[in-house]
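Since the structure comes first, as structure tokens, the remarks are kept for the end.
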Amino acid sequence: MADRKDPFRSFRFRVEIDGINQAGFTDVTIPDSSIDPVEYREGTDKYTRKLAGFWKEGNVSLKWGITDSKQLYDWYKSCKEGKVQRKNVAIKLVDEEDKEVAAWTFENAWPIKYKAPDLTAKNHDVGIENLEIVHEGMKRTT
């Protein structure tokens, strides 16, 4: 009988940001990555060739329950004030034994958008903060 390999569960992950210790992320959106094809045709060709053009990668989105920690907000605030601090970000998927099974790294990342939690007296939900981060390159390292 062959060894069965089940897919990893998406709820076990860690986020590591240079110099920031933030725990309890509820959601992480790892962006799409794509390459624009460029069509090219030489003079007598009856068809076009596809060449690799520019590559594009979306933004990382982090969501977490609000606490008294302001480290991520302060990072955003310093960027908003013109003091952009680029950091490396790693998102690591772990298995049931807390062993890293997949990881994505983002180089020279910095926040471009912050959203404070929506507040309402109608329920007992946790307030969620959101930070959107741009970067200069995504790699799957594991």
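For the structure tokens, the naming scheme is as follows: chains receive sequential letters (A, B, ...) according to their order of presentation, residues are indexed from 1 within each chain, and ligands are indexed from 1 in presentation order.
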
Quick one: contact table of region 37-88 of chain A to region 99-105 of chain A, 12 Å max, nearest atom pair and distance in Å to one decimal per residue, counting only C-alpha atoms, chain and number order, as a Markdown table?
| residue | atom | partner | partner_atom | distance |
| --- | --- | --- | --- | --- |
| A:Val60 | CA | A:Thr105 | CA | 10.6 |
| A:Lys87 | CA | A:Thr105 | CA | 10.7 |
| A:Asn88 | CA | A:Thr105 | CA | 7.2 |

>> Quick check for you: according to DSSP on this backbone, which residues of region 55-120 of chain A are classed as strand (DSSP E)? Reply as an MDAnalysis selection string.
In response: chainID A and resid 55:57 60:65 87:94 100:115

Atoms kept (C-alpha atoms) for selection, written as a CSV table (one decimal), in the first residue's frame:
chain,number,residue,atom,x,y,z
A,55,TRP,CA,6.0,39.8,-13.8
A,56,LYS,CA,3.5,41.0,-11.3
A,57,GLU,CA,2.9,40.1,-7.8
A,60,VAL,CA,0.2,40.6,1.2
A,61,SER,CA,-2.7,41.2,3.6
A,62,LEU,CA,-2.5,40.5,7.3
A,63,LYS,CA,-5.5,40.5,9.7
A,64,TRP,CA,-5.3,40.1,13.5
A,65,GLY,CA,-7.4,40.7,16.6
A,87,LYS,CA,11.5,44.6,6.1
A,88,ASN,CA,11.6,41.0,5.1
A,89,VAL,CA,8.4,39.0,5.8
A,90,ALA,CA,8.1,35.2,6.0
A,91,ILE,CA,4.8,33.3,6.1
A,92,LYS,CA,5.3,29.7,7.2
A,93,LEU,CA,2.8,26.9,7.1
A,94,VAL,CA,3.3,24.3,9.8
A,100,GLU,CA,7.5,24.0,8.8
A,101,VAL,CA,6.1,22.4,5.6
A,102,ALA,CA,5.8,25.4,3.3
A,103,ALA,CA,7.1,29.0,3.4
A,104,TRP,CA,6.9,32.1,1.4
A,105,THR,CA,9.3,35.1,1.8
A,106,PHE,CA,8.7,38.7,0.7
A,107,GLU,CA,11.7,41.0,0.3
A,108,ASN,CA,11.8,44.7,1.0
A,109,ALA,CA,8.2,44.8,2.2
A,110,TRP,CA,6.5,47.8,3.7
A,111,PRO,CA,2.9,48.7,4.6
A,112,ILE,CA,0.7,50.8,2.3
A,113,LYS,CA,-2.7,50.5,3.9
A,114,TYR,CA,-4.0,50.1,7.4
A,115,LYS,CA,-7.6,49.5,8.4

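You will find CA of Val38 (chain A) at 23.1 Å from CA of Lys139 (chain A).
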
> Mind pulling up the distance from CA of Glu136 (chain A) to CA of Asp32 (chain A)?
Replying inline: 13.5 Å

> So which bits of chain A end up helix (DSSP H, G or I) when you DSSP the backbone, as number ranges by chain?
Replying inline: A: 71-80
